[in-house]
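Okay, structure first, notes after.
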Amino acid sequence: MSKVLIIGAGGVGNVVAHKCAMNSEVFSEITLASRRKIKCDEIAAEVKQRTGVEISTAQVDADNVPELVELINKVKPAIVINVALPYQDLTIMDACLETKVHYLDTANYEPIDEAKFEYSWQWAYQERFKEAGITAVLGCGFDPGVTGVFTAFAQKHQFDEIHFLDIVDCNAGDHGKAFATNFNPEINIREITQNGKFWEKGAWVETKPLEIHKPIEYPNIGPRESYLLYHEELESLVKNIPHMKRARFWMTFGQEYIKHLEVLQNVGMTRIDPIIYEGKEIVPLQFLKAVLPEPSELGENYEGQTSIGCQLKGLKDGKEKTYYVYNNCDHAEVYKEVGGQAVAYTTGVPAMIGAMMVLKGEWSGAGVYNVEEFNPDPFMHQLNVQGLPWKEEFNPILPHEDYY
Ligand code: NDP
């Protein structure tokens with residue numbers, strides 16, 4: 001029975017709040033705080049209506065450490081779940097250090113003026129979290145998050161050595177809008193417009209943005225054009241999983257999405273450096289975010305499924321083998337359950353499960369950890385219980401053998 005403080009009331013915050021309320025034997029008291037209290041109150045009303053559970057709400061500027069410390073001291077949570085934006089990771093970690101409260105997030109820290117997608121800033125907190133005797137769980141959404149747990153699970157039960165990893169992420173859903181992003185548009189567009197990168201033979205190989213692409217076959221969905229991107233979990237996985245010869249990340253995009261993105265990029269709307277507009281500084285990408293549909297509002301007519309998984313190849317008992325573990329999630333089912341869409345759901349459910357793992361003592365240890373460093377088994381069990389069931393294929397003929 002523990003108190004939890006959730007920071008961030010967007011699409012993912014909505015799912016985390018619902019799922020914590022549905023597990024009230026673990027999360028006995030829930031507070032949801034964000035920049036605008038009204039968004040927290042709206043979510044609290046929906047949670048109450050769907051689950052009967054009352055949650056408290058608060059206003060906080062998560063860029064401001066003293067404000068965060070004051071809120072944490074007032075709420076006295078056992079863990080803070082950070083589902084605000086990656087810009088707030090370090091301030092929230094600082095506040096957790098000051099108040100000695102466990103920390104969990106779903107995306108690595110990003111400086112506002114640089115798209116980096118790397119863990120260096122957060123890994124630098126290792127000694128301070130150790131000294132404070134508290135746990136920080138980094139990147140506990142789906143990707144990063146479940147993809148790391150899937151890989152650790154494969155390492156534990158299927159392989160002696162994992163040599164090749166392809167994380168394959170498909171959203172085959174249709175929300176009926178000409179252009180919208182499925183999570184925070186600013187972070188999403190920063191991720192896609194940066195150079196691609198993958199790990200091969202002990203070094204990073206860089207590509208131009210969306211330069212490499214191929215059709216990949218997704219279960220229940222069929223073939224979809226998939227683009228090689230750099231994704232942050234590759235950095236921790238190649239460090240934490242030994243013997244890795246190649247690690248890549250693939251994501252699907254429709255032609256309409258790519259067309260809009262290309263135009264927006266060509267006209268300068270995806271820039272993250274400030275420009276002067278009518279005497280005021282504005283960042284074009286932040287302005288673009290303001291005019292795009294809110295990801296949390298996409299759920300209503302969203303149809304189709306997401307499919308995210310890990311395709312692995314390596315050695316077991318001296319023999320080569322392949323293994324594929326994945327989850328498919330249905331947008332319309334998610335809307336019925338929590339009023340959101342599958343991308344927010346596949347992020348928010350694992351965040352809740354990660355917090356549950358820490359509170360139940362299944363995941364423990366003072367310091368800063370990526371999810372693949374913990375025991376994957378209890379987390380994999382909870383995925384099945386909490387709405388993200390996974391499937392396995394043993395020795396599949398991986399459709400993209402030629403990647404190897
Ligand atoms: P949204 O933009 O929908 O929500 C972010 C929320 O954080 C908003 O409520 C926003 O407030 C609030 N917020 C922003 N700045 C502050 C601040 N300074 N102080 C307090 N609150 C603040 O994003 P999503 O819900 O789509 O994403 C949440 C996180 O999840 C992001 O970090 C994203 O990168 C991550 N993510 C991870 C995935 C994974 O699989 N690992 C996949 C998808 C997302 P306001 O409403 O006022 O703007």
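Chain labels run A, B, ... following the order of the structure tokens; each chain numbers its residues from 1, and ligands are numbered from 1 in the order shown.
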
From range 156-376 of chain A, collect each residue whose DSSP state is strand (DSSP E) and return the set as a PyMOL selection string.
chain A and resi 161-171+196-200+203-207+213-218+222-229+246-252+275-277+280-282+305-316+319-330+367-370

With the cut-off set at 8 Å and counting only C-alpha atoms and all ligand atoms, tabulate each residue of chain A with an atom at most that distance from an atom of ligand 1, showing the nearest atom pair and its distance in Å to one decimal, ordered by chain and increasing number, as CSV.
```
residue,atom,partner,partner_atom_place_in_ligand_line,distance
A:Ile7,CA,ligand 1,21 (N),6.4
A:Gly8,CA,ligand 1,7 (O),3.7
A:Ala9,CA,ligand 1,9 (O),3.5
A:Gly10,CA,ligand 1,4 (O),3.2
A:Gly11,CA,ligand 1,25 (O),3.9
A:Val12,CA,ligand 1,25 (O),3.8
A:Gly13,CA,ligand 1,25 (O),5.6
A:Asn14,CA,ligand 1,25 (O),7.6
A:Ala33,CA,ligand 1,20 (C),7.1
A:Ser34,CA,ligand 1,21 (N),3.9
A:Arg35,CA,ligand 1,20 (C),3.7
A:Arg36,CA,ligand 1,47 (O),4.7
A:Lys39,CA,ligand 1,46 (O),6.4
A:Cys40,CA,ligand 1,9 (O),7.9
A:Gln59,CA,ligand 1,20 (C),7.5
A:Val60,CA,ligand 1,20 (C),5.4
A:Asp61,CA,ligand 1,19 (N),3.8
A:Ala62,CA,ligand 1,19 (N),3.6
A:Asp63,CA,ligand 1,18 (N),4.7
A:Asn64,CA,ligand 1,18 (N),7.6
A:Asn82,CA,ligand 1,29 (C),7.7
A:Val83,CA,ligand 1,29 (C),4.5
A:Ala84,CA,ligand 1,7 (O),3.3
A:Leu85,CA,ligand 1,32 (O),3.8
A:Pro86,CA,ligand 1,32 (O),4.6
A:Tyr87,CA,ligand 1,15 (N),7.7
A:Gln88,CA,ligand 1,18 (N),6.3
A:Asp105,CA,ligand 1,32 (O),7.6
A:Thr106,CA,ligand 1,41 (N),4.4
A:Ala107,CA,ligand 1,32 (O),5.0
A:Asn108,CA,ligand 1,32 (O),7.7
A:Gly139,CA,ligand 1,41 (N),5.7
A:Cys140,CA,ligand 1,41 (N),6.0
A:Gly141,CA,ligand 1,41 (N),3.6
A:Phe142,CA,ligand 1,40 (O),3.7
A:Asp143,CA,ligand 1,40 (O),3.9
A:Pro144,CA,ligand 1,41 (N),4.3
A:Gly145,CA,ligand 1,41 (N),5.8
A:Val146,CA,ligand 1,40 (O),8.0
A:Asn182,CA,ligand 1,26 (O),6.8
A:Phe183,CA,ligand 1,26 (O),3.5
A:Asn184,CA,ligand 1,26 (O),4.1
A:Pro185,CA,ligand 1,2 (O),7.3
A:Ile187,CA,ligand 1,34 (O),5.8
A:Asn188,CA,ligand 1,34 (O),7.3
A:Glu294,CA,ligand 1,3 (O),6.7
A:Pro295,CA,ligand 1,3 (O),5.9
A:Ser296,CA,ligand 1,3 (O),5.9
A:Val343,CA,ligand 1,43 (C),6.3
A:Ala344,CA,ligand 1,43 (C),6.0
A:Thr346,CA,ligand 1,40 (O),6.7
A:Thr347,CA,ligand 1,40 (O),4.6
A:Gly348,CA,ligand 1,30 (O),7.9
```

Same residues, C-alpha atoms, output as an mmCIF file, in the first residue's frame:
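And here's again_18.cif as it stands now:
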```cif
data_model
loop_
_atom_site.group_PDB
_atom_site.id
_atom_site.type_symbol
_atom_site.label_atom_id
_atom_site.label_comp_id
_atom_site.auth_asym_id
_atom_site.auth_seq_id
_atom_site.Cartn_x
_atom_site.Cartn_y
_atom_site.Cartn_z
ATOM 1 C CA ILE A 7 3.802 14.173 -12.965
ATOM 2 C CA GLY A 8 2.415 15.039 -16.425
ATOM 3 C CA ALA A 9 -1.239 15.003 -17.476
ATOM 4 C CA GLY A 10 -0.945 14.278 -21.211
ATOM 5 C CA GLY A 11 -1.897 11.159 -23.134
ATOM 6 C CA VAL A 12 0.500 8.957 -21.151
ATOM 7 C CA GLY A 13 -0.369 10.562 -17.775
ATOM 8 C CA ASN A 14 -4.031 9.742 -18.432
ATOM 9 C CA ALA A 33 0.261 16.894 -10.910
ATOM 10 C CA SER A 34 1.033 18.877 -14.040
ATOM 11 C CA ARG A 35 1.662 22.359 -15.398
ATOM 12 C CA ARG A 36 -2.095 22.936 -15.753
ATOM 13 C CA LYS A 39 -5.934 18.811 -17.178
ATOM 14 C CA CYS A 40 -5.326 16.798 -13.982
ATOM 15 C CA GLN A 59 -0.368 22.213 -10.113
ATOM 16 C CA VAL A 60 3.422 22.071 -10.460
ATOM 17 C CA ASP A 61 6.087 23.550 -12.677
ATOM 18 C CA ALA A 62 8.367 20.553 -13.073
ATOM 19 C CA ASP A 63 11.214 22.761 -14.326
ATOM 20 C CA ASN A 64 11.393 24.228 -10.823
ATOM 21 C CA ASN A 82 7.573 11.188 -14.454
ATOM 22 C CA VAL A 83 5.422 11.320 -17.590
ATOM 23 C CA ALA A 84 5.928 15.023 -18.265
ATOM 24 C CA LEU A 85 8.451 15.795 -21.003
ATOM 25 C CA PRO A 86 12.087 14.658 -21.272
ATOM 26 C CA TYR A 87 13.165 18.268 -20.528
ATOM 27 C CA GLN A 88 11.993 17.783 -16.921
ATOM 28 C CA ASP A 105 10.446 7.861 -16.298
ATOM 29 C CA THR A 106 9.710 6.794 -19.882
ATOM 30 C CA ALA A 107 12.099 8.906 -21.955
ATOM 31 C CA ASN A 108 15.693 10.076 -21.580
ATOM 32 C CA GLY A 139 12.961 4.511 -19.827
ATOM 33 C CA CYS A 140 10.049 2.377 -18.606
ATOM 34 C CA GLY A 141 7.482 2.899 -21.382
ATOM 35 C CA PHE A 142 7.228 0.504 -24.342
ATOM 36 C CA ASP A 143 10.182 1.597 -26.410
ATOM 37 C CA PRO A 144 12.243 2.296 -24.386
ATOM 38 C CA GLY A 145 10.864 0.018 -21.703
ATOM 39 C CA VAL A 146 9.164 -3.216 -22.684
ATOM 40 C CA ASN A 182 0.843 9.799 -31.445
ATOM 41 C CA PHE A 183 2.798 11.256 -28.580
ATOM 42 C CA ASN A 184 4.118 14.710 -27.786
ATOM 43 C CA PRO A 185 4.695 16.196 -31.284
ATOM 44 C CA ILE A 187 9.631 15.007 -29.002
ATOM 45 C CA ASN A 188 8.270 12.796 -31.782
ATOM 46 C CA GLU A 294 -3.261 16.775 -29.119
ATOM 47 C CA PRO A 295 -2.150 13.120 -29.056
ATOM 48 C CA SER A 296 -4.434 12.539 -26.066
ATOM 49 C CA VAL A 343 0.589 4.571 -28.241
ATOM 50 C CA ALA A 344 -0.195 6.274 -24.918
ATOM 51 C CA THR A 346 1.618 0.966 -24.476
ATOM 52 C CA THR A 347 3.702 3.641 -22.708
ATOM 53 C CA GLY A 348 1.553 4.226 -19.618
#
```

Pick from A:Phe374, A:Glu235, A:Ile212, A:Gly222 nearest to Trp199 in chain A, counting only C-alpha atoms:
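Counting only C-alpha atoms, the residue closest to Trp199 in chain A is A:Glu235.
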
Could you please determine the separation between CA of Gln155 in chain A and CA of Ile241 in chain A in Å, to one decimal place?
7.9 Å

Rank A:Tyr324, A:Ala58, A:Ser28, A:Lys197 by their smallest atom-to-atom distance to Asp41 in chain A, using only C-alpha atoms, and report the top residue only.
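Using only C-alpha atoms, Asp41 in chain A sits closest to A:Ala58.
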
With distances taken over only C-alpha atoms, which of A:Ser2, A:Gln194, A:Thr57, A:Gln126 is nearest to Gly361 in chain A?
A:Ser2

Could you pull out the residues in range 54-141 of chain A that DSSP calls alpha helix (DSSP H) from the backbone, as an NGL selection string?
:A and (65-75 or 89-99 or 120-123 or 126-132)

Closest pair table for range 78-177 of chain A residues within 12 Å of range 300-315 of chain A, only C-alpha atoms, as a tab-separated table:
```
residue	atom	partner	partner_atom	distance
A:Gly141	CA	A:Ile308	CA	11.9
A:Phe142	CA	A:Ile308	CA	8.1
A:Asp143	CA	A:Ile308	CA	8.3
A:Pro144	CA	A:Ile308	CA	11.0
A:Gly145	CA	A:Gly309	CA	11.2
A:Val146	CA	A:Gly309	CA	8.5
A:Thr147	CA	A:Cys310	CA	6.5
A:Gly148	CA	A:Cys310	CA	8.9
A:Val149	CA	A:Cys310	CA	10.0
A:Phe150	CA	A:Cys310	CA	6.8
A:Thr151	CA	A:Cys310	CA	7.0
A:Ala152	CA	A:Cys310	CA	10.7
A:Phe153	CA	A:Cys310	CA	10.7
A:Ala154	CA	A:Leu312	CA	8.1
A:Gln155	CA	A:Gly314	CA	9.5
A:His157	CA	A:Leu315	CA	11.8
A:Gln158	CA	A:Leu315	CA	8.7
A:Phe159	CA	A:Leu315	CA	5.7
A:Asp160	CA	A:Leu315	CA	5.7
A:Glu161	CA	A:Leu315	CA	5.2
A:Ile162	CA	A:Gly314	CA	4.4
A:His163	CA	A:Gly314	CA	4.8
A:Phe164	CA	A:Lys313	CA	5.1
A:Leu165	CA	A:Leu312	CA	4.7
A:Asp166	CA	A:Gln311	CA	5.1
A:Ile167	CA	A:Cys310	CA	4.6
A:Val168	CA	A:Gly309	CA	5.5
A:Asp169	CA	A:Ile308	CA	4.3
A:Cys170	CA	A:Ser307	CA	5.1
A:Asn171	CA	A:Thr306	CA	4.3
A:Ala172	CA	A:Gln305	CA	5.4
A:Gly173	CA	A:Gly304	CA	4.1
A:Asp174	CA	A:Glu303	CA	5.4
A:His175	CA	A:Tyr302	CA	4.3
A:Gly176	CA	A:Tyr302	CA	7.3
A:Lys177	CA	A:Tyr302	CA	9.7
```

Output of the above residues as an mmCIF file, in the first residue's frame, restricted to C-alpha atoms:
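Listed below is the output, out.cif:
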```
data_model
loop_
_atom_site.group_PDB
_atom_site.id
_atom_site.type_symbol
_atom_site.label_atom_id
_atom_site.label_comp_id
_atom_site.auth_asym_id
_atom_site.auth_seq_id
_atom_site.Cartn_x
_atom_site.Cartn_y
_atom_site.Cartn_z
ATOM 1 C CA GLY A 141 7.482 2.899 -21.382
ATOM 2 C CA PHE A 142 7.228 0.504 -24.342
ATOM 3 C CA ASP A 143 10.182 1.597 -26.410
ATOM 4 C CA PRO A 144 12.243 2.296 -24.386
ATOM 5 C CA GLY A 145 10.864 0.018 -21.703
ATOM 6 C CA VAL A 146 9.164 -3.216 -22.684
ATOM 7 C CA THR A 147 11.660 -3.658 -25.547
ATOM 8 C CA GLY A 148 14.453 -3.743 -22.917
ATOM 9 C CA VAL A 149 12.472 -6.165 -20.737
ATOM 10 C CA PHE A 150 11.749 -8.371 -23.795
ATOM 11 C CA THR A 151 15.491 -8.452 -24.586
ATOM 12 C CA ALA A 152 16.413 -9.282 -20.969
ATOM 13 C CA PHE A 153 13.728 -12.011 -20.964
ATOM 14 C CA ALA A 154 15.155 -13.489 -24.183
ATOM 15 C CA GLN A 155 18.656 -13.330 -22.731
ATOM 16 C CA HIS A 157 15.413 -17.880 -21.084
ATOM 17 C CA GLN A 158 16.209 -18.282 -24.784
ATOM 18 C CA PHE A 159 19.855 -17.516 -25.503
ATOM 19 C CA ASP A 160 23.370 -17.989 -24.219
ATOM 20 C CA GLU A 161 24.453 -15.152 -26.475
ATOM 21 C CA ILE A 162 22.309 -12.600 -28.304
ATOM 22 C CA HIS A 163 24.085 -11.426 -31.444
ATOM 23 C CA PHE A 164 21.429 -9.560 -33.436
ATOM 24 C CA LEU A 165 18.520 -7.454 -32.257
ATOM 25 C CA ASP A 166 15.933 -5.722 -34.416
ATOM 26 C CA ILE A 167 13.288 -3.771 -32.528
ATOM 27 C CA VAL A 168 10.299 -3.486 -34.859
ATOM 28 C CA ASP A 169 7.611 -0.912 -34.093
ATOM 29 C CA CYS A 170 4.469 -0.643 -36.215
ATOM 30 C CA ASN A 171 1.475 1.607 -35.779
ATOM 31 C CA ALA A 172 -1.080 0.361 -38.290
ATOM 32 C CA GLY A 173 -3.803 2.518 -36.783
ATOM 33 C CA ASP A 174 -5.826 5.168 -38.588
ATOM 34 C CA HIS A 175 -6.986 8.234 -36.632
ATOM 35 C CA GLY A 176 -8.561 9.914 -39.633
ATOM 36 C CA LYS A 177 -6.417 13.088 -39.407
#
```

Could you give me, as JSON lines, a per-residue list for range 331-364 of chain A showing, wherever an atom lies at most 12 Å from an atom of range 42-46 of chain A, the closest pair of atoms and their distance in Å to one decimal, using only C-alpha atoms and sorting by chain then residue number from low to high?
```
{"residue": "A:Glu337", "atom": "CA", "partner": "A:Glu46", "partner_atom": "CA", "distance": 11.0}
{"residue": "A:Val338", "atom": "CA", "partner": "A:Glu46", "partner_atom": "CA", "distance": 8.4}
{"residue": "A:Gly339", "atom": "CA", "partner": "A:Glu46", "partner_atom": "CA", "distance": 8.4}
{"residue": "A:Gly340", "atom": "CA", "partner": "A:Ile43", "partner_atom": "CA", "distance": 10.9}
```

Please, could you write that set of residues out with C-alpha atoms as a PDB file, in the first residue's frame?
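Final output, again02.pdb:
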```
ATOM      1  CA  GLU A 337     -10.868   0.999 -21.365  1.00  0.00           C
ATOM      2  CA  VAL A 338      -9.188   4.335 -20.565  1.00  0.00           C
ATOM      3  CA  GLY A 339     -10.346   6.856 -23.177  1.00  0.00           C
ATOM      4  CA  GLY A 340      -6.945   7.055 -24.901  1.00  0.00           C
TER       5      GLY A 340
END
```

Taking 6 positions as the minimum chain separation for residues in the same chain, which residues sit within 12 Å of Val358 in chain A when counting only C-alpha atoms? Answer as a PDB file with C-alpha atoms, in the first residue's frame.
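Final output, selection_27.pdb:
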```pdb
ATOM      1  CA  SER A   2       1.897   3.056  -1.224  1.00  0.00           C
ATOM      2  CA  VAL A   4       2.321   7.547  -5.860  1.00  0.00           C
ATOM      3  CA  VAL A  26      -0.530  -1.372  -4.714  1.00  0.00           C
ATOM      4  CA  PHE A  27      -1.192   2.342  -5.301  1.00  0.00           C
ATOM      5  CA  ALA A  78       6.921   6.311  -2.215  1.00  0.00           C
ATOM      6  CA  ILE A  79       7.669   6.859  -5.922  1.00  0.00           C
ATOM      7  CA  VAL A  80       7.391   9.624  -8.527  1.00  0.00           C
ATOM      8  CA  ILE A  81       6.313   8.546 -12.028  1.00  0.00           C
ATOM      9  CA  VAL A 101      11.911   9.198  -3.099  1.00  0.00           C
ATOM     10  CA  HIS A 102      12.181   6.573  -5.880  1.00  0.00           C
ATOM     11  CA  TYR A 103      11.984   7.849  -9.486  1.00  0.00           C
ATOM     12  CA  LEU A 104      10.753   6.385 -12.794  1.00  0.00           C
ATOM     13  CA  ILE A 134      16.907   5.276  -3.746  1.00  0.00           C
ATOM     14  CA  THR A 135      16.154   3.707  -7.127  1.00  0.00           C
ATOM     15  CA  ALA A 136      15.789   5.486 -10.469  1.00  0.00           C
ATOM     16  CA  VAL A 137      14.231   3.412 -13.259  1.00  0.00           C
ATOM     17  CA  CYS A 140      10.049   2.377 -18.606  1.00  0.00           C
ATOM     18  CA  ALA A 351       5.267   2.855 -16.483  1.00  0.00           C
ATOM     19  CA  MET A 352       2.656   1.746 -13.950  1.00  0.00           C
ATOM     20  CA  SER A 364      15.308  -2.934  -6.117  1.00  0.00           C
ATOM     21  CA  GLY A 365      18.754  -1.486  -5.553  1.00  0.00           C
ATOM     22  CA  ALA A 366      20.058   1.989  -4.915  1.00  0.00           C
ATOM     23  CA  TYR A 369      19.029   1.586 -13.778  1.00  0.00           C
ATOM     24  CA  VAL A 371      14.954  -1.756 -17.273  1.00  0.00           C
ATOM     25  CA  PHE A 374      16.271  -5.968 -13.535  1.00  0.00           C
ATOM     26  CA  ASN A 375      14.609  -9.404 -13.379  1.00  0.00           C
ATOM     27  CA  PRO A 378       7.587 -10.479 -12.777  1.00  0.00           C
ATOM     28  CA  PHE A 379       7.268  -7.584 -15.245  1.00  0.00           C
TER      29      PHE A 379
END
```

Point out the residue among A:Cys329, A:Ile72, A:Cys96, A:Ile189 with the least atom-to-atom distance to Thr270 in chain A, counting only C-alpha atoms.
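With only C-alpha atoms as the atom set, the closest residue is A:Ile189.
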
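Distances here use only C-alpha atoms; by that measure, the residue among A:Glu373, A:Glu67, A:Glu333, A:Glu191 closest to Lys116 in chain A is A:Glu191.
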
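Residue nearest Glu131 in chain A within the list A:Leu388, A:Leu292, A:Ile6, A:Val368: A:Val368 [criterion: smallest interatomic distance, only C-alpha atoms].
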
To one decimal place, how far is CA of Arg50 in chain A from CA of Asn328 in chain A in Å?
23.7 Å

Compile the contact shell of Ser56 in chain A as a ChimeraX atom specification: residues with an atom at most 7 Å away, counting only C-alpha atoms, same-chain residues fewer than 3 positions apart removed.
/A:30-32
